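The next block is structure_2.cif, given as mmCIF, C-alpha atoms.
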data_structure
loop_
_atom_site.label_atom_id
_atom_site.label_comp_id
_atom_site.auth_asym_id
_atom_site.auth_seq_id
_atom_site.Cartn_x
_atom_site.Cartn_y
_atom_site.Cartn_z
CA MET A 1 7.09 7.55 -52.49
CA ALA A 2 10.39 9.40 -52.66
CA SER A 3 8.80 12.22 -54.66
CA THR A 4 5.99 12.49 -52.06
CA MET A 5 8.51 12.75 -49.23
CA LEU A 6 10.52 15.32 -51.18
CA ARG A 7 7.37 17.37 -51.87
CA SER A 8 6.22 17.33 -48.23
CA GLY A 9 9.76 18.27 -47.15
CA ILE A 10 9.79 21.26 -49.51
CA GLN A 11 6.30 22.30 -48.35
CA GLY A 12 7.44 22.09 -44.73
CA VAL A 13 10.40 24.36 -45.43
CA LEU A 14 8.14 26.81 -47.31
CA ARG A 15 5.65 26.88 -44.42
CA ARG A 16 8.37 27.71 -41.95
CA GLY A 17 9.73 30.38 -44.24
CA GLY A 18 13.04 28.50 -44.55
CA ARG A 19 13.79 28.95 -40.85
CA THR A 20 14.63 26.13 -38.51
CA PRO A 21 11.99 25.58 -35.83
CA GLN A 22 12.80 27.39 -32.57
CA ALA A 23 12.98 25.50 -29.31
CA HIS A 24 11.10 28.33 -27.52
CA PRO A 25 8.73 30.08 -29.92
CA LYS A 26 8.09 33.75 -29.23
CA ARG A 27 5.04 34.36 -27.05
CA ASN A 28 2.97 36.86 -29.02
CA PHE A 29 1.09 38.36 -26.07
CA SER A 30 3.98 38.28 -23.65
CA SER A 31 5.32 41.45 -22.14
CA SER A 32 8.54 39.72 -21.16
CA ALA A 33 10.72 41.29 -23.83
CA HIS A 34 12.92 42.80 -21.12
CA ASN A 35 14.71 41.30 -18.19
CA ASP A 36 11.92 40.29 -15.82
CA GLU A 37 14.00 40.71 -12.65
CA TYR A 38 14.72 44.32 -13.61
CA GLU A 39 11.13 44.98 -14.69
CA THR A 40 9.75 43.50 -11.45
CA ALA A 41 11.94 45.83 -9.37
CA LYS A 42 11.05 48.81 -11.58
CA TRP A 43 7.28 48.27 -11.38
CA GLU A 44 7.51 47.64 -7.64
CA LYS A 45 9.09 51.09 -7.26
CA ILE A 46 6.46 52.67 -9.55
CA THR A 47 3.72 51.08 -7.41
CA TYR A 48 5.27 52.47 -4.21
CA LEU A 49 5.52 55.89 -5.85
CA GLY A 50 1.84 55.67 -6.84
CA ILE A 51 0.80 54.63 -3.32
CA ALA A 52 2.83 57.49 -1.80
CA THR A 53 1.31 60.03 -4.21
CA CYS A 54 -2.24 58.80 -3.55
CA THR A 55 -1.67 58.86 0.22
CA VAL A 56 -0.40 62.45 0.18
CA LEU A 57 -3.27 63.48 -2.09
CA ALA A 58 -5.79 61.70 0.16
CA PHE A 59 -4.53 63.55 3.27
CA TYR A 60 -4.62 66.84 1.38
CA CYS A 61 -8.16 66.29 0.00
CA LEU A 62 -9.65 64.99 3.24
CA SER A 63 -8.08 67.71 5.42
CA LYS A 64 -9.58 70.47 3.26
CA GLY A 65 -13.10 69.80 4.52
CA HIS A 66 -16.28 69.48 2.57
CA HIS A 67 -18.24 72.33 1.05
CA HIS A 68 -22.00 72.24 1.67
CA SER A 69 -24.19 73.99 -0.89
CA GLU A 70 -27.65 75.45 -0.37
CA PRO A 71 -30.56 73.27 -1.59
CA PRO A 72 -31.67 74.47 -5.05
CA PRO A 73 -35.18 75.79 -5.86
CA ALA A 74 -37.74 73.07 -6.67
CA TYR A 75 -37.17 72.90 -10.41
CA PRO A 76 -39.43 70.29 -12.06
CA TYR A 77 -36.44 68.30 -13.35
CA LEU A 78 -34.86 67.89 -9.91
CA ARG A 79 -35.59 65.17 -7.34
CA ILE A 80 -37.84 63.20 -9.67
CA ARG A 81 -39.44 60.48 -7.56
CA ASN A 82 -42.02 58.48 -9.48
CA LYS A 83 -42.03 55.43 -7.25
CA GLU A 84 -40.78 54.24 -3.92
CA PHE A 85 -37.43 52.64 -3.25
CA PRO A 86 -37.47 48.89 -2.61
CA TRP A 87 -37.26 49.63 1.12
CA GLY A 88 -40.43 51.70 0.89
CA MET A 89 -39.22 55.18 1.80
CA LEU A 90 -39.57 58.02 -0.62
CA CYS A 91 -36.13 59.37 0.22
CA ILE A 92 -32.78 57.85 1.10
CA THR A 93 -31.52 60.72 3.27
CA MET B 1 -3.07 15.62 -20.77
CA ILE B 2 -3.88 11.95 -21.41
CA GLU B 3 -0.79 10.16 -22.72
CA SER B 4 -2.62 8.42 -25.58
CA GLN B 5 -3.98 11.71 -26.94
CA ARG B 6 -2.24 12.49 -30.23
CA HIS B 7 -3.35 16.10 -30.71
CA SER B 8 -3.04 19.24 -28.59
CA TYR B 9 -6.72 20.22 -28.50
CA HIS B 10 -9.05 19.97 -25.53
CA LEU B 11 -12.22 18.08 -26.34
CA VAL B 12 -14.46 19.15 -23.49
CA ASP B 13 -16.78 16.80 -21.64
CA PRO B 14 -20.54 17.37 -21.78
CA SER B 15 -21.39 20.02 -19.20
CA PRO B 16 -24.68 21.22 -17.66
CA TRP B 17 -23.37 24.78 -17.12
CA PRO B 18 -24.24 26.37 -20.50
CA ILE B 19 -27.93 25.52 -20.11
CA SER B 20 -28.01 26.37 -16.39
CA GLY B 21 -26.30 29.71 -17.12
CA SER B 22 -28.84 30.43 -19.87
CA LEU B 23 -31.78 29.63 -17.57
CA GLY B 24 -30.23 31.78 -14.83
CA ALA B 25 -29.82 34.69 -17.27
CA LEU B 26 -33.42 34.27 -18.47
CA ALA B 27 -34.77 34.22 -14.89
CA THR B 28 -32.64 37.28 -14.03
CA THR B 29 -33.90 39.26 -17.03
CA VAL B 30 -37.57 38.33 -16.67
CA GLY B 31 -37.41 38.75 -12.87
CA GLY B 32 -35.68 42.13 -13.29
CA VAL B 33 -38.38 43.39 -15.66
CA MET B 34 -41.12 42.07 -13.38
CA TYR B 35 -39.46 43.70 -10.38
CA MET B 36 -39.20 47.10 -12.08
CA HIS B 37 -42.85 46.93 -13.16
CA PRO B 38 -45.73 46.14 -10.82
CA PHE B 39 -45.71 42.35 -11.11
CA GLN B 40 -45.89 40.06 -8.13
CA GLY B 41 -42.96 37.73 -7.49
CA GLY B 42 -40.46 39.83 -9.48
CA ALA B 43 -38.02 40.19 -6.59
CA THR B 44 -38.15 36.44 -5.89
CA LEU B 45 -37.50 35.47 -9.51
CA LEU B 46 -34.72 38.08 -9.82
CA SER B 47 -33.02 36.79 -6.65
CA LEU B 48 -33.32 33.16 -7.75
CA GLY B 49 -31.98 34.03 -11.22
CA LEU B 50 -28.98 35.87 -9.75
CA ILE B 51 -28.24 33.01 -7.32
CA PHE B 52 -28.47 30.50 -10.19
CA LEU B 53 -26.21 32.65 -12.38
CA LEU B 54 -23.58 33.15 -9.66
CA TYR B 55 -23.66 29.43 -8.82
CA THR B 56 -23.14 28.56 -12.52
CA MET B 57 -20.21 30.99 -12.75
CA PHE B 58 -18.60 29.43 -9.68
CA VAL B 59 -18.93 25.80 -10.76
CA TRP B 60 -18.08 26.49 -14.42
CA TRP B 61 -14.85 28.31 -13.53
CA ARG B 62 -14.11 25.60 -10.95
CA ASP B 63 -14.30 23.07 -13.82
CA VAL B 64 -12.09 25.23 -16.07
CA ILE B 65 -9.45 25.55 -13.32
CA ARG B 66 -9.60 21.80 -12.70
CA GLU B 67 -9.19 21.05 -16.43
CA SER B 68 -6.30 23.50 -16.64
CA THR B 69 -4.30 22.76 -13.50
CA LEU B 70 -5.06 19.20 -12.37
CA GLU B 71 -5.87 17.60 -15.73
CA GLY B 72 -3.43 19.67 -17.79
CA HIS B 73 -5.74 20.12 -20.80
CA HIS B 74 -4.72 23.73 -21.46
CA THR B 75 -1.92 23.26 -23.97
CA LYS B 76 -0.37 26.22 -25.82
CA VAL B 77 -3.00 25.83 -28.56
CA VAL B 78 -5.87 25.66 -26.06
CA GLN B 79 -4.55 28.78 -24.27
CA LEU B 80 -5.09 30.77 -27.47
CA GLY B 81 -8.88 30.36 -27.09
CA PRO B 82 -9.32 32.35 -23.87
CA ARG B 83 -6.63 34.81 -25.00
CA TYR B 84 -8.41 35.58 -28.28
CA GLY B 85 -11.75 35.51 -26.46
CA SER B 86 -10.62 38.12 -23.91
CA ILE B 87 -9.87 40.71 -26.57
CA PRO B 88 -13.38 41.05 -28.12
CA PHE B 89 -14.84 40.82 -24.61
CA ILE B 90 -12.80 43.81 -23.43
CA VAL B 91 -13.46 45.69 -26.69
CA SER B 92 -17.22 45.19 -26.16
CA GLU B 93 -16.82 46.54 -22.61
CA VAL B 94 -15.02 49.61 -23.96
CA MET B 95 -17.90 50.19 -26.40
CA PHE B 96 -20.47 49.76 -23.62
CA LEU B 97 -18.79 52.39 -21.42
CA PHE B 98 -18.15 54.65 -24.41
CA ALA B 99 -21.92 54.67 -25.07
CA LEU B 100 -22.53 55.90 -21.51
CA PHE B 101 -19.90 58.65 -21.80
CA ARG B 102 -21.36 59.55 -25.18
CA ALA B 103 -24.82 59.87 -23.54
CA SER B 104 -23.36 62.42 -21.14
CA SER B 105 -21.65 64.32 -23.98
CA HIS B 106 -24.85 64.23 -26.06
CA SER B 107 -26.80 65.93 -23.26
CA SER B 108 -24.07 68.37 -22.26
CA LEU B 109 -22.72 69.60 -25.60
CA ALA B 110 -26.04 71.23 -26.58
CA PRO B 111 -28.08 71.48 -23.33
CA ALA B 112 -31.86 71.49 -23.86
CA VAL B 113 -34.06 74.45 -22.90
CA GLU B 114 -35.88 72.26 -20.36
CA ILE B 115 -32.77 72.24 -18.17
CA GLY B 116 -32.13 75.97 -18.62
CA GLY B 117 -29.95 75.66 -21.73
CA ILE B 118 -26.82 75.29 -19.60
CA TRP B 119 -24.61 72.47 -18.33
CA PRO B 120 -24.64 71.52 -15.49
CA PRO B 121 -28.43 72.14 -15.49
CA LYS B 122 -29.65 75.11 -13.46
CA GLY B 123 -29.90 74.26 -9.78
CA ILE B 124 -27.68 71.17 -9.95
CA GLY B 125 -24.96 71.01 -7.35
CA VAL B 126 -21.87 69.35 -8.81
CA LEU B 127 -18.82 67.81 -7.20
CA ASP B 128 -15.60 69.77 -7.24
CA PRO B 129 -13.44 67.78 -9.69
CA ARG B 130 -10.30 68.84 -7.76
CA GLU B 131 -11.43 66.98 -4.62
CA ILE B 132 -12.36 63.28 -4.41
CA PRO B 133 -12.72 62.78 -8.19
CA PHE B 134 -9.13 63.99 -8.68
CA LEU B 135 -7.92 61.87 -5.77
CA ASN B 136 -9.67 58.76 -7.11
CA THR B 137 -8.20 59.07 -10.60
CA PRO B 138 -4.51 58.22 -9.83
CA ILE B 139 -5.49 55.37 -7.48
CA LEU B 140 -6.59 53.12 -10.34
CA PRO B 141 -3.49 53.65 -12.54
CA SER B 142 -1.36 52.98 -9.41
CA SER B 143 -3.28 49.74 -9.02
CA GLY B 144 -2.55 49.10 -12.72
CA ALA B 145 1.18 49.57 -11.97
CA ALA B 146 0.85 47.01 -9.16
CA VAL B 147 -0.72 44.45 -11.52
CA THR B 148 2.18 45.03 -13.96
CA TRP B 149 4.55 44.43 -11.04
CA ALA B 150 2.67 41.16 -10.36
CA HIS B 151 2.96 40.17 -14.02
CA HIS B 152 6.73 40.66 -14.13
CA ALA B 153 7.10 38.90 -10.78
CA ILE B 154 5.24 35.87 -12.21
CA LEU B 155 7.43 35.92 -15.34
CA ALA B 156 10.56 36.19 -13.16
CA GLY B 157 9.38 33.23 -11.07
CA LYS B 158 9.05 35.30 -7.88
CA GLU B 159 5.89 33.73 -6.53
CA LYS B 160 5.77 35.54 -3.18
CA ARG B 161 6.40 38.98 -4.72
CA ALA B 162 3.55 38.31 -7.16
CA VAL B 163 1.19 37.61 -4.26
CA TYR B 164 2.30 40.86 -2.54
CA ALA B 165 1.81 42.77 -5.80
CA LEU B 166 -1.71 41.37 -6.18
CA VAL B 167 -2.49 42.29 -2.57
CA ALA B 168 -1.38 45.87 -3.45
CA THR B 169 -3.54 45.78 -6.61
CA VAL B 170 -6.63 44.67 -4.70
CA SER B 171 -6.02 47.06 -1.78
CA LEU B 172 -5.79 50.07 -4.10
CA ALA B 173 -8.91 48.88 -5.91
CA LEU B 174 -10.83 48.65 -2.62
CA VAL B 175 -9.64 52.13 -1.61
CA SER B 176 -10.87 53.44 -4.96
CA THR B 177 -14.29 51.82 -4.49
CA GLY B 178 -14.43 53.23 -0.95
CA PHE B 179 -13.76 56.76 -2.21
CA GLN B 180 -16.34 56.28 -4.97
CA GLY B 181 -18.91 55.33 -2.32
CA MET B 182 -17.91 58.34 -0.23
CA GLU B 183 -18.27 60.55 -3.31
CA TYR B 184 -21.81 59.31 -3.97
CA TYR B 185 -22.68 59.77 -0.30
CA GLN B 186 -21.49 63.38 -0.32
CA ALA B 187 -22.71 64.23 -3.83
CA PRO B 188 -25.09 67.20 -3.91
CA SER B 189 -27.18 65.56 -6.65
CA THR B 190 -28.55 62.04 -7.16
CA ILE B 191 -29.59 59.81 -10.08
CA SER B 192 -33.08 61.39 -9.93
CA ASP B 193 -31.82 64.94 -10.52
CA SER B 194 -32.34 65.75 -14.20
CA ILE B 195 -30.41 64.38 -17.16
CA TYR B 196 -27.19 65.37 -15.36
CA GLY B 197 -27.90 62.98 -12.48
CA SER B 198 -28.98 60.21 -14.88
CA THR B 199 -25.96 60.36 -17.16
CA PHE B 200 -23.47 61.02 -14.34
CA SER B 201 -24.71 58.16 -12.18
CA LEU B 202 -25.05 55.69 -15.05
CA ALA B 203 -21.53 56.34 -16.40
CA THR B 204 -19.66 56.56 -13.10
CA GLY B 205 -21.79 53.81 -11.52
CA PHE B 206 -21.18 51.34 -14.32
CA HIS B 207 -17.48 52.19 -14.25
CA GLY B 208 -17.50 51.55 -10.50
CA PHE B 209 -19.28 48.25 -11.11
CA HIS B 210 -16.50 47.26 -13.54
CA VAL B 211 -13.93 48.20 -10.87
CA ILE B 212 -15.69 45.77 -8.50
CA ILE B 213 -15.68 43.01 -11.16
CA GLY B 214 -11.96 43.63 -11.84
CA THR B 215 -11.27 43.56 -8.10
CA LEU B 216 -12.95 40.15 -7.78
CA PHE B 217 -10.98 38.94 -10.83
CA SER B 218 -7.71 40.12 -9.19
CA ILE B 219 -8.66 38.53 -5.85
CA ILE B 220 -9.21 35.18 -7.60
CA CYS B 221 -5.81 35.56 -9.33
CA GLY B 222 -4.16 36.40 -6.00
CA ILE B 223 -5.64 33.25 -4.42
CA ARG B 224 -4.58 31.14 -7.41
CA GLN B 225 -1.07 32.63 -7.29
CA TYR B 226 -0.89 31.84 -3.55
CA LEU B 227 -2.01 28.25 -4.27
CA GLY B 228 0.67 27.90 -6.95
CA HIS B 229 -1.70 27.61 -9.94
CA LEU B 230 0.13 30.24 -11.98
CA THR B 231 3.53 29.50 -13.48
CA LYS B 232 6.06 31.40 -15.56
CA GLU B 233 4.87 29.67 -18.73
CA HIS B 234 1.16 29.31 -18.01
CA HIS B 235 -0.90 32.12 -16.43
CA VAL B 236 -3.66 32.93 -18.93
CA GLY B 237 -6.21 33.67 -16.18
CA PHE B 238 -3.88 36.25 -14.69
CA GLU B 239 -3.20 37.83 -18.08
CA ALA B 240 -6.94 38.19 -18.74
CA ALA B 241 -7.35 39.81 -15.30
CA ALA B 242 -4.44 42.18 -15.98
CA TRP B 243 -5.85 43.22 -19.37
CA TYR B 244 -9.28 43.74 -17.80
CA TRP B 245 -7.74 45.76 -14.99
CA HIS B 246 -5.82 48.00 -17.40
CA PHE B 247 -9.05 48.56 -19.33
CA VAL B 248 -10.77 49.62 -16.09
CA ASP B 249 -7.99 51.95 -14.96
CA VAL B 250 -7.47 53.62 -18.35
CA VAL B 251 -11.21 54.08 -18.88
CA ARG B 252 -11.40 55.99 -15.57
CA LEU B 253 -9.55 58.90 -17.22
CA PHE B 254 -12.43 59.50 -19.66
CA PRO B 255 -15.22 60.18 -17.12
CA PHE B 256 -12.78 62.23 -15.06
CA VAL B 257 -11.97 64.55 -17.97
CA SER B 258 -15.37 64.65 -19.70
CA ILE B 259 -17.90 64.25 -16.87
CA TYR B 260 -16.26 65.47 -13.66
CA TRP B 261 -13.96 68.14 -15.05
CA TRP B 262 -15.33 69.45 -18.34
CA GLY B 263 -18.98 68.70 -17.40
CA GLY B 264 -18.74 69.87 -13.80
CA ILE B 265 -17.17 73.31 -13.99
#
Re-express the file's structure as structure tokens.
Amino acid sequence: MASTMLRSGIQGVLRRGGRTPQAHPKRNFSSSAHNDEYETAKWEKITYLGIATCTVLAFYCLSKGHHHSEPPPAYPYLRIRNKEFPWGMLCIT
Amino acid sequence: MIESQRHSYHLVDPSPWPISGSLGALATTVGGVMYMHPFQGGATLLSLGLIFLLYTMFVWWRDVIRESTLEGHHTKVVQLGPRYGSIPFIVSEVMFLFALFRASSHSSLAPAVEIGGIWPPKGIGVLDPREIPFLNTPILPSSGAAVTWAHHAILAGKEKRAVYALVATVSLALVSTGFQGMEYYQAPSTISDSIYGSTFSLATGFHGFHVIIGTLFSIICGIRQYLGHLTKEHHVGFEAAAWYWHFVDVVRLFPFVSIYWWGGI
């Protein structure tokens, strides 16, 4: 009995690699290695920066206007319509 | 968890959802094939299959949320299941989209004589990559930054900030989908215009579809965060949504560089 207890005790230590069990084991997939308060504030600022950049870019792109190109010649590989759309028309425009 | 339970595993109750999901998927597939070929009743079967599938998804996830939050079955050990499951799922999604980008590269790297031996094919009008495609590319990474903000807010225990961050995530995602729709509306070519239209529409369309899925996933997380389902220690559903969302926003860079930019100039 005593030898069994001793053996299981040794095996337990070997399994843990000789370390004492931690109260809060490390979360393998967690990204919370840093201070979360600081990281929250940092990523909030990065988000605002992203939103500001996208807004400026959107105004710039939309104010430029849209370029209309001439319809191409009727090459056989263009506008291939083998069957109707579910709504019946042969064209969506 | 039940007090008398002496292990940390979740032994699930018998559930009708696996078989109902399978039947829904079968009806959707058969109905879809029938609809695309001249069979009668294809549209009806496809619609019924999709309704059945969506209903199964709703009630199955409702059960999972109930088991996790109300019944407390999702112990640390149980949480590993969906975590490990999310990784191969996202990897398979990456491979799926990679195949579509590869299809575009296959057709564009050595253009066939039938399309004039050039890329874009002769006569194809392409979008200017410096306009809406360029605008739409930073929107998704910004949304990815917002989901990271939400993640840290959850870990810091700032519940309200996390809800705001998820609102920002979803708003940016909706703006991105709106611009994608606008891009398709204005595009000089369509899916029926040569191999360019086919590969372009399939790759960008399926990416857009994944954006919509990720948006729905983030909306669900936002609602669950608002309802107080997600805690500092336990927010696996949110983590899966965040990983999925990062996959979607990073993948956007590939079609932008290879299809819009390299393939469109």
inquiry  = (-13.7, 73.3, 1.2) in this file's frame - what residues fall within 12 Å of it? Use only C-alpha atoms and give the answer as a list in words.
reply    = Tyr60, Cys61, Leu62, Ser63, Lys64, Gly65, His66, His67, His68 and Ser69 of chain A; Leu127, Asp128, Arg130, Glu131 and Ile132 of chain B
message = Using all atoms listed in the file and a distance of at most 9 Å, pull out the residues of chain B that contact chain A, as an NGL selection string.
response = :B and (83 or 114-115 or 122-125 or 130-132 or 134-136 or 138-139 or 141-158 or 161 or 165 or 168 or 172 or 186 or 188-195 or 197)
Could those selected residues go to a file with C-alpha atoms, as an mmCIF file, in the coordinates of the input?
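In the end it all went to part.cif:
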data_model
loop_
_atom_site.group_PDB
_atom_site.id
_atom_site.type_symbol
_atom_site.label_atom_id
_atom_site.label_comp_id
_atom_site.auth_asym_id
_atom_site.auth_seq_id
_atom_site.Cartn_x
_atom_site.Cartn_y
_atom_site.Cartn_z
ATOM 1 C CA ARG B 83 -6.630 34.810 -25.000
ATOM 2 C CA GLU B 114 -35.880 72.260 -20.360
ATOM 3 C CA ILE B 115 -32.770 72.240 -18.170
ATOM 4 C CA LYS B 122 -29.650 75.110 -13.460
ATOM 5 C CA GLY B 123 -29.900 74.260 -9.780
ATOM 6 C CA ILE B 124 -27.680 71.170 -9.950
ATOM 7 C CA GLY B 125 -24.960 71.010 -7.350
ATOM 8 C CA ARG B 130 -10.300 68.840 -7.760
ATOM 9 C CA GLU B 131 -11.430 66.980 -4.620
ATOM 10 C CA ILE B 132 -12.360 63.280 -4.410
ATOM 11 C CA PHE B 134 -9.130 63.990 -8.680
ATOM 12 C CA LEU B 135 -7.920 61.870 -5.770
ATOM 13 C CA ASN B 136 -9.670 58.760 -7.110
ATOM 14 C CA PRO B 138 -4.510 58.220 -9.830
ATOM 15 C CA ILE B 139 -5.490 55.370 -7.480
ATOM 16 C CA PRO B 141 -3.490 53.650 -12.540
ATOM 17 C CA SER B 142 -1.360 52.980 -9.410
ATOM 18 C CA SER B 143 -3.280 49.740 -9.020
ATOM 19 C CA GLY B 144 -2.550 49.100 -12.720
ATOM 20 C CA ALA B 145 1.180 49.570 -11.970
ATOM 21 C CA ALA B 146 0.850 47.010 -9.160
ATOM 22 C CA VAL B 147 -0.720 44.450 -11.520
ATOM 23 C CA THR B 148 2.180 45.030 -13.960
ATOM 24 C CA TRP B 149 4.550 44.430 -11.040
ATOM 25 C CA ALA B 150 2.670 41.160 -10.360
ATOM 26 C CA HIS B 151 2.960 40.170 -14.020
ATOM 27 C CA HIS B 152 6.730 40.660 -14.130
ATOM 28 C CA ALA B 153 7.100 38.900 -10.780
ATOM 29 C CA ILE B 154 5.240 35.870 -12.210
ATOM 30 C CA LEU B 155 7.430 35.920 -15.340
ATOM 31 C CA ALA B 156 10.560 36.190 -13.160
ATOM 32 C CA GLY B 157 9.380 33.230 -11.070
ATOM 33 C CA LYS B 158 9.050 35.300 -7.880
ATOM 34 C CA ARG B 161 6.400 38.980 -4.720
ATOM 35 C CA ALA B 165 1.810 42.770 -5.800
ATOM 36 C CA ALA B 168 -1.380 45.870 -3.450
ATOM 37 C CA LEU B 172 -5.790 50.070 -4.100
ATOM 38 C CA GLN B 186 -21.490 63.380 -0.320
ATOM 39 C CA PRO B 188 -25.090 67.200 -3.910
ATOM 40 C CA SER B 189 -27.180 65.560 -6.650
ATOM 41 C CA THR B 190 -28.550 62.040 -7.160
ATOM 42 C CA ILE B 191 -29.590 59.810 -10.080
ATOM 43 C CA SER B 192 -33.080 61.390 -9.930
ATOM 44 C CA ASP B 193 -31.820 64.940 -10.520
ATOM 45 C CA SER B 194 -32.340 65.750 -14.200
ATOM 46 C CA ILE B 195 -30.410 64.380 -17.160
ATOM 47 C CA GLY B 197 -27.900 62.980 -12.480
#
message = What does the structure give for the distance between atom CA of B:Leu53 and atom CA of B:Leu26, in Å to one decimal?
response =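 If I compute the distance from atom CA of B:Leu53 to atom CA of B:Leu26, I get 9.6 Å.
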task = Report as a PyMOL selection string the residues that result from applying the PyMOL selection byres ((chain B and resi 105) around 12) to the structure here.
result = chain B and resi 98-104+106-111+119-120+195-196+199-200+203+254-255+257-260+262-264
Length of the atom CA of B:Ile212 to atom CA of B:Gly181 vector [Å] =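 Atom-to-atom, atom CA of B:Ile212 and atom CA of B:Gly181 are spaced 11.8 Å apart.
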note = Correct to one decimal, the distance atom CA of B:Thr137-atom CA of B:Phe217 is 20.3 Å
Please complete stretch 108-120 of chain B so it has N, CA and C atoms, and hand it over as a short mmCIF file (atom, residue, chain, number, x, y, z; two decimals), keeping the file's coordinate frame.
data_model
loop_
_atom_site.label_atom_id
_atom_site.label_comp_id
_atom_site.auth_asym_id
_atom_site.auth_seq_id
_atom_site.Cartn_x
_atom_site.Cartn_y
_atom_site.Cartn_z
N SER B 108 -24.78 67.19 -22.77
CA SER B 108 -24.07 68.37 -22.26
C SER B 108 -23.55 69.29 -23.36
N LEU B 109 -23.31 68.76 -24.55
CA LEU B 109 -22.72 69.60 -25.60
C LEU B 109 -23.71 70.64 -26.12
N ALA B 110 -25.00 70.27 -26.17
CA ALA B 110 -26.04 71.23 -26.58
C ALA B 110 -27.19 71.09 -25.58
N PRO B 111 -27.06 71.70 -24.38
CA PRO B 111 -28.08 71.48 -23.33
C PRO B 111 -29.46 71.97 -23.76
N ALA B 112 -30.49 71.18 -23.44
CA ALA B 112 -31.86 71.49 -23.86
C ALA B 112 -32.42 72.66 -23.05
N VAL B 113 -33.44 73.31 -23.61
CA VAL B 113 -34.06 74.45 -22.90
C VAL B 113 -34.73 74.01 -21.60
N GLU B 114 -35.19 72.76 -21.55
CA GLU B 114 -35.88 72.26 -20.36
C GLU B 114 -34.98 72.26 -19.12
N ILE B 115 -33.68 72.22 -19.33
CA ILE B 115 -32.77 72.24 -18.17
C ILE B 115 -32.07 73.60 -18.07
N GLY B 116 -32.67 74.62 -18.72
CA GLY B 116 -32.13 75.97 -18.62
C GLY B 116 -31.11 76.31 -19.69
N GLY B 117 -30.89 75.40 -20.63
CA GLY B 117 -29.95 75.66 -21.73
C GLY B 117 -28.49 75.73 -21.28
N ILE B 118 -28.21 75.27 -20.09
CA ILE B 118 -26.82 75.29 -19.60
C ILE B 118 -26.43 73.92 -19.03
N TRP B 119 -25.13 73.71 -18.92
CA TRP B 119 -24.61 72.47 -18.33
C TRP B 119 -23.55 72.82 -17.31
N PRO B 120 -23.61 72.36 -16.10
CA PRO B 120 -24.64 71.52 -15.49
C PRO B 120 -26.00 72.23 -15.45
#
